[in-house]
Amino acid sequence: MAATQPVATTSREPTGKTTSMQKKVLVGGSIGQFVEFYDFTLYGLSAVILSEYFFPDGDRVTGLLVIFATFGVAFVMRPLGGLFFGALGDKVGRRKTLTVTIFLVGICTALIGILPGFDQIGWFAPILLILARLGQGFSAGGESVGGPSFVYEHAPVGKRGLWINITLAATALPSVFAGGLILLLSTVMSDASFDSWGWRIPFLLALPLSAVGLWIRSRTDESDLFKKTAAERPKEFSPIRDSFRENSVGMLQVFFVLGLTALGFYMLSAYFVTYIQTTGDLTREQSLLTNAIAMASYTIFLPIAGAIGDRVGRKPMLIAGSILLAITSIPAFGLVTSGNMGLAFLGQTIFVISLCCYGGGCYTFFCERFSTKTRFTSAAISYNISYAILGGTAPFVGTWLVDITGVNTAPGFYMTICAVIVLVLIFVTRLPETRGRLG
């Protein structure tokens, strides 16, 4: 594998006062991340009712395992979507590509809200659900990396970490919004009405949310950095070929760096609500409330961590964050499953702080590690494979570990082991400091 060579900082980086265009890019990127993660979070938050609606009757654990396996199906398509939209984004531009991704993910999410259930059409119900999930995963493969890359290339010098982490903080807001919406609907509606049609409302809202993001992005433009790179690249340019030829080591490093945050984020956003209900014996309303507050704190702590990363560097944040995750995961998961609402919230908050510390380095690192020429493709491949393997399987593995071991904190041990492995790999692969250079 050929190591990626550092690229010197250039004078074409965004400088000076923040412009109206830069602000639009930041808002558009944040909305795109919100819509993408709204889909995945909503699916995890609705796991219990979806398992009852789209699959035949069975025991509770089996139903949850099936629905979480379906949750992971979307992640299978993310690497393919990353390849397709990454190459497209490096060739024709970030903005045009992101226009397609945000529209597609909104359509597929809204489709889940109109699907008939197993009682109406039998096994066609889960098949259609899986097809919708595949579409969501394919579009998310481009949106998840394209949005941060677009923001990064417009971000002011010295504030890349802050801007990227503001954009990524929007990935936590869907848990607050969707969790609050489900809580509100389940409170004001009868159980029969909510189980019959009320659960569909949050899925249908994805379409107007996508339309807002689409409108904002239509008013943006490519960065000067991308335009210069596009003008200078050779005619025979192949983003996929050049990514593997020039960035193999960097792609490997981004894979394991992002893998840890993928596992932690989807444990927090897609698994904890179900985990607290089934293992901690709290009600749906209590689980949604504590998780929504924890996710709201994520949106506050992550930009702060990004700003710290702008001052101290990406690598120190990765090292400190992985150590914190290794130390705090087991006690945090123990608090989450204590059966006490206050302790459940405390456990999630401890986990959030550790995860955000790590996020203060990892999210900017995956953009800075690659040059502008192949940033979208290289990052999309490694990012989406790591999210498919560790993020998409997090709820399933968590449920499975508790079931086979009988130990409520088993997912915490899993998180700890992964954090230790990543900490070792940071040093073994000589992970570089990327702050202050283009890649």
# chains A, B, ... in the order shown; residues from 1 in each chain; ligands from 1
$ residues_around --residues "Ile308 of chain A" --least-positions-apart "4" --cutoff "10 Å" --atoms "only C-alpha atoms" --output "list in words"
Lys159, Gly161, Leu162, Leu302, Pro303, Ile304, Val312, Gly313, Arg314, Met317, Cys357, Gly360 and Gly361 of chain A
$ residues_around --residues "Lys227 of chain A" --least-positions-apart "5" --cutoff "9 Å" --atoms "only C-alpha atoms" --output "JSON list (two decimals) with all heavy atoms, in the first residue's frame"
[["chain", "number", "residue", "atom", "x", "y", "z"],
["A", 93, "GLY", "N", -18.61, 17.65, -9.21],
["A", 93, "GLY", "CA", -18.76, 18.63, -8.15],
["A", 93, "GLY", "C", -19.56, 18.15, -6.96],
["A", 93, "GLY", "O", -20.40, 17.26, -7.09],
["A", 222, "GLU", "N", -19.59, 25.75, -5.73],
["A", 222, "GLU", "CA", -18.39, 25.01, -5.38],
["A", 222, "GLU", "C", -17.35, 25.95, -4.79],
["A", 222, "GLU", "O", -17.32, 27.15, -5.09],
["A", 222, "GLU", "CB", -17.81, 24.33, -6.63],
["A", 222, "GLU", "CG", -18.72, 23.29, -7.27],
["A", 222, "GLU", "CD", -18.94, 22.06, -6.40],
["A", 222, "GLU", "OE1", -18.21, 21.90, -5.39],
["A", 222, "GLU", "OE2", -19.84, 21.26, -6.72],
["A", 232, "GLU", "N", -7.15, 21.77, -13.00],
["A", 232, "GLU", "CA", -5.78, 21.31, -13.17],
["A", 232, "GLU", "C", -5.64, 19.80, -13.34],
["A", 232, "GLU", "O", -4.58, 19.32, -13.73],
["A", 232, "GLU", "CB", -4.94, 21.74, -11.95],
["A", 232, "GLU", "CG", -4.79, 23.24, -11.81],
["A", 232, "GLU", "CD", -4.07, 23.65, -10.55],
["A", 232, "GLU", "OE1", -3.89, 22.77, -9.67],
["A", 232, "GLU", "OE2", -3.70, 24.83, -10.42]]
$ atom_distance --atom1 "atom CA of Pro156 of chain A" --atom2 "atom CA of Lys96 of chain A"
22.3 Å
$ atom_distance --atom1 "atom CA of Glu153 of chain A" --atom2 "atom CA of Asp224 of chain A"
8.3 Å
$ closest_residue --among "A:Phe203, A:Phe138, A:Phe255, A:Trp163" --to "Ile182 of chain A" --atoms "only C-alpha atoms"
A:Phe203
$ closest_residue --among "A:Gly250, A:Gly142, A:Pro395, A:Gly89" --to "Val66 of chain A" --atoms "only C-alpha atoms"
A:Pro395
